[in-house]
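Worksheet: one structure, shown below.
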Amino acid sequence: AFEQLRQAQKMEALGQLAGGIAHDFNNLLTIINGYSTLLLRSLDRESPQHQEAEQILKAGDRAADLTRQLLTFSRRQILAPRMLNLNDQIRGIEKMLHRVVGEHIYLETSLAEDIDLIKIDPGQVEQIVMNLVVNAGDAMKDGGMMSIATTNAEIDQSFASTHPGSVMGGYVMLAVTDNGTGMTEEVKSRLFEPFFTTKEMGRGTGLGLATVYGIVKQNGGYIDVASELEKGTTFRIYLPRLKQQNTPVKLVPEVPAEGSH
Ligand code: ADP
């Protein structure tokens with residue numbers, strides 16, 4: 001399961017990377033091909049320069065074909081955000097999570113009963129939880145305690161003003177806590193960089209948290225990290241809750257009309 005996850009992370013990031021590069025190249029090629037077309041038109045059809053410009057345009061067209069293929073590849077993962085209950089999502093993968101952390105770690109889940117709904121692709125939720133849990137497990141090589149907790153949470157003005165990047169509002173919060181190694185300030189500051197890893201070659205890709213960051217940002221959320229060396233780490237993921245949900249339906253008792261018996 002570990003290897004599969006690593007591989008999936010790698011592919012995801014590679015796909016994004018390829019897509020990003022292809023997109024930029026495509027923009028540049030539009031310019032190159034546009035100007036070669038103009039040049040071609042202004043040149044005498046019989047001149048050798050016309051033939052040369054034709055070669056440029058031909059190569060440019062081939063390059064545009066290639067970038068189009070790359071773009072299609074990187075967009076292969078179609079997202080389907082839907083209204084969902086975070087707790088249900090966690091319960092759905094709980095068995096797998098226990099397998100992933102192994103028996104030397106005690107994993108406890110504490111899911112708030114009245115959790116609000118969120119709108120997100122269910123696969124993305126699994127990716128967030130899995131990546132955080134794998135990392136927490138890696139930080140507790142000799143075993144320990146891990147907890148996964150959910151709750152409704154508000155980001156208020158005082159929180160927002162002390163947490164750059166956070167936005168006031170109502171959220172659903174996922175917290176993954178471990179009592180493992182914790183992190184140095186240096187690691188903490190580079191955590192979300194793609195390919196940043198402190199793990200040995202072949203163990204870490206450095207893409208887990210970059211992926212989590214991308215997903216959370218894409219969904220209008222916020223990540224808070226609290227970590228102390230040799231004590232442990234808590235990742236808190238805030239995802240915006242759906243507004244105007246759970247509007248209580250008032251059951252108006254039927255009042256028999258006057259005089260109707
Ligand atoms: P990877 O797990 O492949 O190294 P990540 O992006 O998931 O990549 O994590 C980057 C780095 O952040 C890790 O190598 C590790 O140093 C640090 N890290 C992440 N989560 C934790 C944690 N729960 N405890 C300690 N360090 C962590």
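We label chains A, B, ... in the order they appear in the structure tokens, count residues from 1 in each chain, and number ligands from 1 in the order shown.
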
Would you pick out the contacts of segment 87-94 of chain A at 10 Å or less, using only C-alpha atoms, so that residues sharing its chain but fewer than 3 positions from it are not included, and give the list as a PyMOL selection string? chain A and resi 84+97-100+107+109-117+122-123+125-126+129-130+148-151+174

Given a cut-off of 6 Å, what residues near ligand 1 show up using only C-alpha atoms and all ligand atoms, put as a compact mmCIF listing (two decimals) with C-alpha atoms, in the first residue's frame?
# COMPACT_ATOMS: atom_id res chain seq x y z
CA ASN A 135 3.77 11.02 7.43
CA ALA A 136 2.63 10.74 11.04
CA ALA A 139 7.58 10.12 12.37
CA THR A 181 9.89 13.18 16.14
CA GLY A 182 8.43 16.62 15.50
CA MET A 183 10.20 19.03 13.14
CA LEU A 191 7.36 21.31 4.39
CA PHE A 192 5.12 22.05 1.43
CA PHE A 196 11.40 18.41 -0.20
CA THR A 197 12.01 15.34 1.93
CA THR A 198 14.14 14.38 4.92
CA LYS A 199 13.50 10.70 4.30
CA GLY A 204 10.20 9.77 0.46
CA THR A 205 9.22 11.59 -2.70
CA GLY A 206 8.69 14.94 -1.03
CA LEU A 207 5.39 15.18 -2.87
CA GLY A 208 2.94 14.20 -0.14
CA LEU A 209 2.47 17.57 1.50
CA ALA A 210 2.84 19.48 -1.76
CA THR A 233 3.11 17.21 15.33

Any idea what the distance is between atom CA of Thr30 of chain A and atom CA of His50 of chain A?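 Between atom CA of Thr30 of chain A and atom CA of His50 of chain A the gap is 19.5 Å.
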
Counting only C-alpha atoms, the option among A:Ser42, A:Thr67, A:Gln9, A:Gln49 closest to Phe25 of chain A: A:Thr67

Please return as a VMD selection string: the residues of segment 58-159 of chain A that backbone DSSP assigns to strand (DSSP E). chain A and resid 82 to 85 105 to 111 117 to 120 144 to 155

With C-alpha atoms retained, write the just-selected residues as a PDB file, in the first residue's frame.
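Saved the output as selection-v9.pdb:
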ATOM      1  CA  ARG A  82     -19.713  16.658  -4.376  1.00  0.00           C
ATOM      2  CA  MET A  83     -21.369  17.335  -1.060  1.00  0.00           C
ATOM      3  CA  LEU A  84     -20.015  14.936   1.486  1.00  0.00           C
ATOM      4  CA  ASN A  85     -19.583  14.160   5.133  1.00  0.00           C
ATOM      5  CA  ILE A 105       1.034   2.528  16.512  1.00  0.00           C
ATOM      6  CA  TYR A 106      -2.182   3.077  18.394  1.00  0.00           C
ATOM      7  CA  LEU A 107      -4.558   4.914  16.077  1.00  0.00           C
ATOM      8  CA  GLU A 108      -7.539   6.629  17.600  1.00  0.00           C
ATOM      9  CA  THR A 109     -10.299   8.363  15.681  1.00  0.00           C
ATOM     10  CA  SER A 110     -12.579  10.950  17.209  1.00  0.00           C
ATOM     11  CA  LEU A 111     -15.189  12.189  14.778  1.00  0.00           C
ATOM     12  CA  LEU A 117     -21.012  19.009   4.994  1.00  0.00           C
ATOM     13  CA  ILE A 118     -18.230  20.037   2.653  1.00  0.00           C
ATOM     14  CA  LYS A 119     -18.000  20.058  -1.134  1.00  0.00           C
ATOM     15  CA  ILE A 120     -14.935  18.311  -2.485  1.00  0.00           C
ATOM     16  CA  GLY A 144       3.329   5.765  19.534  1.00  0.00           C
ATOM     17  CA  MET A 145      -0.090   7.334  19.469  1.00  0.00           C
ATOM     18  CA  MET A 146      -1.798   8.850  16.491  1.00  0.00           C
ATOM     19  CA  SER A 147      -5.172  10.499  16.397  1.00  0.00           C
ATOM     20  CA  ILE A 148      -7.491  11.549  13.631  1.00  0.00           C
ATOM     21  CA  ALA A 149     -10.123  14.024  14.725  1.00  0.00           C
ATOM     22  CA  THR A 150     -12.813  16.039  13.007  1.00  0.00           C
ATOM     23  CA  THR A 151     -14.838  18.982  14.230  1.00  0.00           C
ATOM     24  CA  ASN A 152     -16.666  22.063  13.004  1.00  0.00           C
ATOM     25  CA  ALA A 153     -14.501  25.143  13.361  1.00  0.00           C
ATOM     26  CA  GLU A 154     -14.692  28.879  12.887  1.00  0.00           C
ATOM     27  CA  ILE A 155     -11.863  31.020  11.653  1.00  0.00           C
TER      28      ILE A 155
END

Per-residue DSSP, segment 62-186 of chain A, filtered to alpha helix (DSSP H), as a VMD selection string: chain A and resid 62 to 74 86 to 101 122 to 138 157 to 162 185 to 186
